[in-house]
file work-v6.cif (mmCIF, C-alpha atoms and all ligand atoms)
data_upload
loop_
_atom_site.label_atom_id
_atom_site.label_comp_id
_atom_site.auth_asym_id
_atom_site.auth_seq_id
_atom_site.Cartn_x
_atom_site.Cartn_y
_atom_site.Cartn_z
CA MET A 22 14.10 5.08 -16.74
CA VAL A 23 11.13 7.29 -17.54
CA CYS A 24 7.54 6.13 -17.85
CA LEU A 25 6.16 7.96 -20.87
CA GLN A 26 2.58 7.73 -19.65
CA CYS A 27 3.12 9.18 -16.21
CA LYS A 28 6.26 11.27 -16.76
CA PHE A 29 7.74 10.27 -13.38
CA SER A 30 11.09 8.60 -13.38
CA LEU A 31 10.60 5.05 -12.21
CA SER A 32 12.79 3.33 -9.68
CA TRP A 33 13.75 -0.33 -10.14
CA ARG A 34 11.28 -1.23 -7.40
CA GLN A 35 8.42 0.49 -9.20
CA ILE A 36 9.23 -1.27 -12.47
CA HIS A 37 9.62 -4.61 -10.73
CA PRO A 38 7.27 -4.46 -7.72
CA ALA A 39 8.37 -6.72 -4.91
CA LYS A 40 5.03 -8.43 -4.86
CA VAL A 41 2.10 -8.13 -7.19
CA THR A 42 -0.35 -10.78 -6.07
CA ALA A 43 -3.97 -11.48 -6.83
CA MET A 44 -5.79 -8.27 -6.02
CA THR A 45 -8.76 -9.88 -4.38
CA ASP A 46 -6.77 -10.51 -1.20
CA VAL A 47 -6.72 -6.81 -0.27
CA VAL A 48 -9.08 -5.76 2.53
CA VAL A 49 -9.56 -2.30 4.08
CA LEU A 50 -11.05 -2.30 7.56
CA GLY A 51 -12.67 0.76 9.09
CA PHE A 52 -15.97 2.58 9.36
CA PRO A 53 -17.50 3.86 6.11
CA ARG A 54 -17.32 7.64 6.74
CA SER A 55 -13.79 7.71 8.13
CA THR A 56 -11.62 10.37 6.49
CA TYR A 57 -8.50 8.26 6.73
CA VAL A 58 -10.28 5.19 5.38
CA HIS A 59 -11.23 7.30 2.38
CA ILE A 60 -7.59 8.22 1.76
CA VAL A 61 -6.61 4.56 1.61
CA ARG A 62 -9.56 3.53 -0.55
CA LEU A 63 -8.92 6.39 -2.98
CA VAL A 64 -5.25 5.46 -3.31
CA LEU A 65 -6.18 1.82 -3.94
CA ALA A 66 -8.72 2.91 -6.55
CA GLN A 67 -6.24 5.20 -8.29
CA LYS A 68 -3.71 2.35 -8.40
CA GLY A 69 -6.38 0.08 -9.90
CA VAL A 70 -6.20 -2.34 -6.95
CA ALA A 71 -9.53 -4.03 -6.23
CA HIS A 72 -10.27 -4.42 -2.54
CA SER A 73 -13.06 -5.39 -0.22
CA PHE A 74 -14.17 -3.27 2.72
CA ARG A 75 -14.92 -4.64 6.19
CA ASP A 76 -17.13 -2.33 8.25
CA LEU A 77 -15.71 -2.28 11.79
CA GLU A 78 -18.39 0.10 13.13
CA PRO A 79 -19.99 -2.55 15.40
CA GLU A 80 -16.55 -3.61 16.64
CA MET A 81 -14.89 -0.22 17.22
CA GLY A 82 -12.97 -0.33 20.50
CA SER A 83 -13.58 -4.05 21.04
CA ALA A 84 -10.89 -6.65 21.61
CA SER A 85 -11.16 -7.78 17.98
CA HIS A 86 -10.54 -4.19 16.77
CA LEU A 87 -7.67 -3.57 19.20
CA ALA A 88 -6.03 -6.79 18.07
CA LEU A 89 -5.79 -5.19 14.62
CA HIS A 90 -5.02 -1.61 15.70
CA PRO A 91 -3.69 -1.21 19.25
CA PHE A 92 -4.40 2.55 19.17
CA ASP A 93 -8.16 2.09 18.58
CA ARG A 94 -8.23 3.74 15.16
CA VAL A 95 -8.87 2.94 11.51
CA PRO A 96 -7.95 2.24 8.74
CA ILE A 97 -6.25 -1.11 8.76
CA LEU A 98 -5.05 -2.79 5.58
CA GLN A 99 -4.80 -6.52 5.11
CA HIS A 100 -2.94 -7.84 2.09
CA GLY A 101 -2.86 -11.61 2.29
CA ASP A 102 -1.13 -12.43 5.57
CA PHE A 103 0.23 -8.86 6.01
CA THR A 104 -1.65 -6.45 8.30
CA LEU A 105 -0.76 -2.75 8.49
CA TYR A 106 -2.13 0.35 10.23
CA GLU A 107 -1.32 4.10 9.94
CA THR A 108 -2.51 5.72 6.75
CA SER A 109 0.80 7.09 5.51
CA ALA A 110 2.42 3.66 5.89
CA ILE A 111 -0.52 2.03 4.12
CA ALA A 112 -0.61 4.55 1.24
CA THR A 113 3.14 4.22 0.63
CA TYR A 114 2.91 0.43 0.80
CA VAL A 115 0.07 0.35 -1.71
CA ASP A 116 1.96 2.63 -4.08
CA GLU A 117 5.10 0.52 -3.88
CA ALA A 118 3.65 -2.99 -3.69
CA PHE A 119 1.31 -2.75 -6.67
CA GLU A 120 1.55 -1.87 -10.28
CA GLY A 121 -0.44 1.10 -11.46
CA PRO A 122 0.47 4.75 -11.86
CA PRO A 123 3.22 5.77 -9.37
CA LEU A 124 1.88 8.25 -6.82
CA GLN A 125 5.25 9.24 -5.35
CA PRO A 126 7.63 11.40 -7.38
CA ASN A 127 11.04 9.89 -7.95
CA ASP A 128 12.68 13.29 -7.63
CA VAL A 129 13.93 13.59 -4.07
CA ARG A 130 12.75 17.17 -3.53
CA ALA A 131 9.32 16.61 -5.05
CA ARG A 132 8.95 13.53 -2.83
CA ALA A 133 9.99 15.57 0.21
CA ARG A 134 7.38 18.19 -0.72
CA MET A 135 4.74 15.48 -1.02
CA ASN A 136 5.68 14.18 2.43
CA GLN A 137 5.54 17.71 3.83
CA TRP A 138 1.92 17.92 2.63
CA ILE A 139 1.02 14.51 4.03
CA SER A 140 2.40 15.49 7.41
CA SER A 141 0.59 18.83 7.19
CA VAL A 142 -2.74 17.11 6.53
CA ASN A 143 -2.15 14.94 9.60
CA SER A 144 -1.13 17.86 11.81
CA TYR A 145 -2.96 20.97 10.59
CA TYR A 146 -5.83 20.07 8.23
CA TYR A 147 -7.50 16.91 9.56
CA PRO A 148 -7.38 17.90 13.26
CA TYR A 149 -9.18 21.23 12.77
CA MET A 150 -11.35 20.55 9.71
CA ILE A 151 -12.55 17.14 10.85
CA TYR A 152 -11.74 16.45 14.49
CA HIS A 153 -12.94 19.88 15.55
CA VAL A 154 -15.43 21.42 13.11
CA THR A 155 -16.92 18.48 11.19
CA HIS A 156 -17.41 16.44 14.35
CA GLU A 157 -19.12 19.37 16.09
CA ARG A 158 -21.21 20.44 13.11
CA LEU A 159 -22.18 17.07 11.60
CA VAL A 160 -21.16 13.97 13.56
CA PHE A 161 -22.43 14.97 17.04
CA PRO A 162 -25.65 16.72 15.92
CA GLU A 163 -26.54 13.66 13.82
CA LEU A 164 -26.49 11.71 17.11
CA GLY A 165 -28.59 14.33 18.92
CA ILE A 166 -25.55 15.78 20.72
CA ALA A 167 -25.26 19.60 20.70
CA SER A 168 -22.29 21.30 19.01
CA ASP A 169 -19.69 22.82 21.30
CA GLU A 170 -19.24 26.35 19.91
CA LYS A 171 -15.94 26.80 21.75
CA VAL A 172 -14.43 23.92 19.81
CA VAL A 173 -15.60 25.39 16.49
CA ALA A 174 -14.41 28.88 17.42
CA HIS A 175 -10.97 27.55 18.38
CA ALA A 176 -10.60 25.69 15.09
CA LEU A 177 -11.87 28.17 12.49
CA PRO A 178 -8.83 30.50 12.42
CA LYS A 179 -6.60 27.44 12.06
CA VAL A 180 -8.71 26.13 9.19
CA GLN A 181 -8.52 29.52 7.47
CA ARG A 182 -4.75 29.56 7.89
CA ALA A 183 -4.52 26.04 6.43
CA LEU A 184 -6.63 27.08 3.43
CA GLU A 185 -4.51 30.19 2.88
CA VAL A 186 -1.38 28.03 2.82
CA LEU A 187 -2.93 25.60 0.33
CA GLU A 188 -4.25 28.43 -1.85
CA LYS A 189 -0.80 29.99 -1.99
CA ALA A 190 0.83 26.67 -2.89
CA LEU A 191 -1.68 26.05 -5.66
CA GLY A 192 -0.72 29.43 -7.08
CA HIS A 193 2.02 27.53 -8.97
CA GLY A 194 -0.67 27.09 -11.65
CA ALA A 195 -0.12 23.33 -12.04
CA ASP A 196 -3.00 20.90 -11.67
CA TYR A 197 -2.05 19.14 -8.44
CA ILE A 198 -0.62 20.00 -5.05
CA VAL A 199 3.00 19.07 -5.73
CA GLY A 200 2.92 20.02 -9.41
CA SER A 201 1.70 18.63 -12.69
CA GLU A 202 1.35 15.02 -11.50
CA LEU A 203 -1.09 13.47 -9.06
CA THR A 204 0.62 12.30 -5.89
CA LEU A 205 -0.36 10.82 -2.54
CA ALA A 206 -0.53 14.42 -1.25
CA ASP A 207 -3.68 15.05 -3.33
CA PHE A 208 -5.36 11.94 -1.96
CA PHE A 209 -4.42 12.86 1.62
CA MET A 210 -5.87 16.36 1.20
CA LEU A 211 -9.11 15.42 -0.55
CA PRO A 212 -11.15 13.64 2.16
CA SER A 213 -10.63 16.25 4.92
CA THR A 214 -11.44 19.14 2.60
CA TYR A 215 -14.44 17.21 1.19
CA ALA A 216 -16.06 16.61 4.59
CA PHE A 217 -15.31 20.12 5.88
CA GLY A 218 -16.95 21.37 2.67
CA LEU A 219 -20.23 19.80 3.85
CA THR A 220 -20.37 22.10 6.90
CA GLU A 221 -21.94 25.56 6.77
CA GLU A 222 -18.55 27.04 7.64
CA GLY A 223 -16.89 25.23 4.76
CA LYS A 224 -19.56 26.32 2.30
CA ALA A 225 -19.15 29.93 3.44
CA ILE A 226 -15.37 30.17 3.29
CA TYR A 227 -14.35 27.95 0.36
CA PRO A 228 -15.24 30.55 -2.33
CA LYS A 229 -12.52 32.82 -0.85
CA TYR A 230 -9.93 30.33 -2.19
CA PRO A 231 -10.34 30.06 -5.99
CA SER A 232 -7.26 27.96 -6.81
CA PHE A 233 -8.27 25.53 -4.08
CA CYS A 234 -11.83 25.35 -5.49
CA GLU A 235 -10.41 24.61 -8.94
CA TRP A 236 -8.20 21.86 -7.48
CA ARG A 237 -11.23 20.34 -5.71
CA ALA A 238 -13.25 20.37 -8.94
CA ARG A 239 -10.32 18.76 -10.80
CA MET A 240 -10.02 16.03 -8.15
CA GLU A 241 -13.76 15.35 -8.06
CA ALA A 242 -13.73 15.02 -11.87
CA LEU A 243 -11.16 12.19 -11.79
CA PRO A 244 -12.86 8.94 -12.86
CA THR A 245 -11.44 7.21 -9.79
CA VAL A 246 -12.92 9.77 -7.43
CA LYS A 247 -16.30 9.75 -9.19
CA ARG A 248 -16.49 5.96 -9.02
CA PHE A 249 -15.44 6.00 -5.37
CA ARG A 250 -18.11 8.54 -4.37
CA ALA A 251 -20.77 6.58 -6.28
CA SER A 252 -19.77 3.38 -4.45
CA LEU A 253 -20.24 4.80 -0.93
CA PRO A 254 -23.28 3.98 1.20
CA PRO A 255 -25.52 6.81 2.52
CA ARG A 256 -23.77 8.96 5.17
CA ASN A 257 -25.41 7.30 8.17
CA PRO A 258 -24.62 8.61 11.69
CA ILE A 259 -21.37 7.33 13.20
CA GLU A 260 -22.80 5.45 16.18
CA HIS A 261 -19.55 4.78 18.02
CA ALA A 262 -18.90 8.57 18.10
CA ARG A 263 -21.25 8.73 21.11
CA LYS A 264 -18.33 7.64 23.27
CA TRP A 265 -15.97 10.34 21.92
CA GLY A 266 -17.55 12.81 24.36
CA VAL A 267 -15.79 11.00 27.19
CA SER A 268 -12.82 9.60 25.30
CA HIS A 269 -11.33 12.30 23.09
CA ARG A 270 -13.64 15.21 22.24
CA PRO A 271 -11.64 18.47 22.41
CA LYS A 272 -12.51 20.85 25.27
CA TYR A 273 -11.67 24.57 25.53
N1 LIG B 1 -2.76 8.28 12.68
C1 LIG B 1 -3.89 7.55 12.17
C2 LIG B 1 -5.16 8.36 12.37
C3 LIG B 1 -6.40 7.59 11.99
C4 LIG B 1 -7.66 8.21 12.58
O1 LIG B 1 -7.64 9.17 13.36
N2 LIG B 1 -8.77 7.60 12.24
C5 LIG B 1 -10.05 7.99 12.78
C6 LIG B 1 -11.11 7.99 11.69
S1 LIG B 1 -10.80 9.14 10.43
C7 LIG B 1 -10.50 6.97 13.79
O2 LIG B 1 -10.08 5.84 13.74
N3 LIG B 1 -11.40 7.33 14.69
C8 LIG B 1 -12.01 6.35 15.55
C9 LIG B 1 -12.27 6.85 16.87
O3 LIG B 1 -11.79 7.95 17.18
O4 LIG B 1 -12.97 6.16 17.61
C10 LIG B 1 -3.67 7.20 10.70
O5 LIG B 1 -2.91 7.90 10.04
O6 LIG B 1 -4.20 6.20 10.23
#

call {"tool": "encode", "arguments": {"input": "work-v6.cif", "output": "structure tokens", "more": "lines below"}}
Ligand SMILES: N[C@@H](CCC(=O)N[C@@H](CS)C(=O)NCC(=O)O)C(=O)O
result
Amino acid sequence: MVCLQCKFSLSWRQIHPAKVTAMTDVVVLGFPRSTYVHIVRLVLAQKGVAHSFRDLEPEMGSASHLALHPFDRVPILQHGDFTLYETSAIATYVDEAFEGPPLQPNDVRARARMNQWISSVNSYYYPYMIYHVTHERLVFPELGIASDEKVVAHALPKVQRALEVLEKALGHGADYIVGSELTLADFFMLPSTYAFGLTEEGKAIYPKYPSFCEWRARMEALPTVKRFRASLPPRNPIEHARKWGVSHRPKY
């Protein structure tokens, strides 16, 4: 069966979602600036699923946080009595459990391509754009902690490579990463590239990638994305990042 509005073929499960319950029982837990929290909240918004947000900043690393996420990370999704962590599991669940425009292609190869991009964001985009450069250039300085230039220098060639790969892929001329339809891949890519774009390095190198810049502009123009950005609080410092220096700041 084909959905005329979205042009994706729909599986039985997408036409008859296993569970479409009152939307007010959806809660995202995390800290407000988290890249991965943004992925989940954008996907929920695009699906038209209302949710509340619980700010875990004061609880990060505490017993109450670890009871929800044993690996000391965010986001966490609660849907009624169901609690889930790991962003790709959450995004897929949201797409499949709720009505709203499907964000996973039904075509097996297109879906594989989407999953390739999601895995690439997790392995090659987020770690260098955010964990290395954005933390060193924005998160630590906002807390009065000096940038480690070695960390930035290590990451920049990897960021450039990642942008070259994305630029080449977007050379297909279609609007979105996998093709003419929005998929989860676009929402995985957007938050890392947004935050890296706030750094001086991002501002300097983005103009070298015109198809990527056009994709960013297209994504930022989506009503969902505009509403999401407008709903966010000011970008206050991430207080619990003070402990990253001893827990998991990269060292070279
Ligand atoms: N594999 C996890 C990664 C999540 C992740 O790294 N989240 C970051 C925020 S964007 C985090 O929780 N950082 C907290 C910390 O490092 O203390 C997922 O896909 O959800």

call {"tool": "closest_residue", "arguments": {"input": "work-v6.cif", "among": "A:Pro122, A:Pro53, A:Gly165, A:Gly69", "to": "Pro255 in chain A", "atoms": "all atoms listed in the file"}}
result
A:Pro53

call {"tool": "residues_near_ligand", "arguments": {"input": "work-v6.cif", "ligand": "ligand LIG 1 (chain B)", "cutoff": "8 Å", "atoms": "only C-alpha atoms and all ligand atoms", "output": "JSON, numbers by chain"}}
result
{"A": [51, 52, 54, 55, 56, 57, 58, 81, 82, 93, 94, 95, 96, 97, 106, 107, 108, 109, 110, 143, 261, 262, 264, 265, 269]}

call {"tool": "atom_distance", "arguments": {"input": "work-v6.cif", "atom1": "CA of Lys68 in chain A", "atom2": "CA of Gln125 in chain A"}}
result
11.7 Å

call {"tool": "atom_distance", "arguments": {"input": "work-v6.cif", "atom1": "CA of Ala183 in chain A", "atom2": "CA of Glu235 in chain A"}}
result
16.5 Å

call {"tool": "residues_around", "arguments": {"input": "work-v6.cif", "residues": "Arg270 in chain A", "least_positions_apart": "4", "cutoff": "10 Å", "atoms": "all atoms listed in the file", "output": "compact mmCIF listing (two decimals) with C-alpha atoms, keeping the file's coordinate frame"}}
result
# COMPACT_ATOMS: atom_id res chain seq x y z
CA TYR A 152 -11.74 16.45 14.49
CA HIS A 153 -12.94 19.88 15.55
CA HIS A 156 -17.41 16.44 14.35
CA GLU A 157 -19.12 19.37 16.09
CA ASP A 169 -19.69 22.82 21.30
CA VAL A 172 -14.43 23.92 19.81
CA ALA A 262 -18.90 8.57 18.10
CA LYS A 264 -18.33 7.64 23.27
CA TRP A 265 -15.97 10.34 21.92
CA GLY A 266 -17.55 12.81 24.36

call {"tool": "residues_around", "arguments": {"input": "work-v6.cif", "residues": "Leu124 in chain A", "least_positions_apart": "4", "cutoff": "9 Å", "atoms": "all atoms listed in the file", "output": "JSON, numbers by chain"}}
result
{"A": [64, 67, 68, 113, 116, 117, 202, 203, 204, 205, 206]}

call {"tool": "residues_around", "arguments": {"input": "work-v6.cif", "residues": "Pro228 in chain A", "least_positions_apart": "2", "cutoff": "12 Å", "atoms": "only C-alpha atoms", "output": "list in words"}}
result
Gln181, Leu184, Glu185, Glu188, Gly218, Glu222, Gly223, Lys224, Ala225, Ile226, Tyr230, Pro231, Ser232, Phe233, Cys234, Glu235 and Arg237 of chain A

call {"tool": "atom_distance", "arguments": {"input": "work-v6.cif", "atom1": "CA of Gly194 in chain A", "atom2": "CA of Gly121 in chain A"}}
result
26.0 Å

call {"tool": "closest_residue", "arguments": {"input": "work-v6.cif", "among": "A:Pro212, A:Pro162, A:Pro126, A:Pro254", "to": "His59 in chain A", "atoms": "all atoms listed in the file"}}
result
A:Pro212

call {"tool": "closest_residue", "arguments": {"input": "work-v6.cif", "among": "A:Lys189, A:Arg62, A:His86, A:Lys272", "to": "Glu170 in chain A", "atoms": "all atoms listed in the file"}}
result
A:Lys272

call {"tool": "closest_residue", "arguments": {"input": "work-v6.cif", "among": "A:Gln137, A:Ser85, A:Thr245, A:Gln99", "to": "Met210 in chain A", "atoms": "all atoms listed in the file"}}
result
A:Gln137

call {"tool": "closest_residue", "arguments": {"input": "work-v6.cif", "among": "A:Thr155, A:Thr104, A:Ser144, A:Asn127", "to": "Tyr215 in chain A", "atoms": "all atoms listed in the file"}}
result
A:Thr155

call {"tool": "closest_residue", "arguments": {"input": "work-v6.cif", "among": "A:Ser73, A:Leu98, A:Ser268, A:Leu65", "to": "Pro123 in chain A", "atoms": "all atoms listed in the file"}}
result
A:Leu65

call {"tool": "residues_near_point", "arguments": {"input": "work-v6.cif", "point": "(-9.5, 27.2, 20.4)", "cutoff": "8 Å", "atoms": "only C-alpha atoms", "output": "JSON, numbers by chain"}}
result
{"A": [171, 172, 173, 174, 175, 176, 273]}
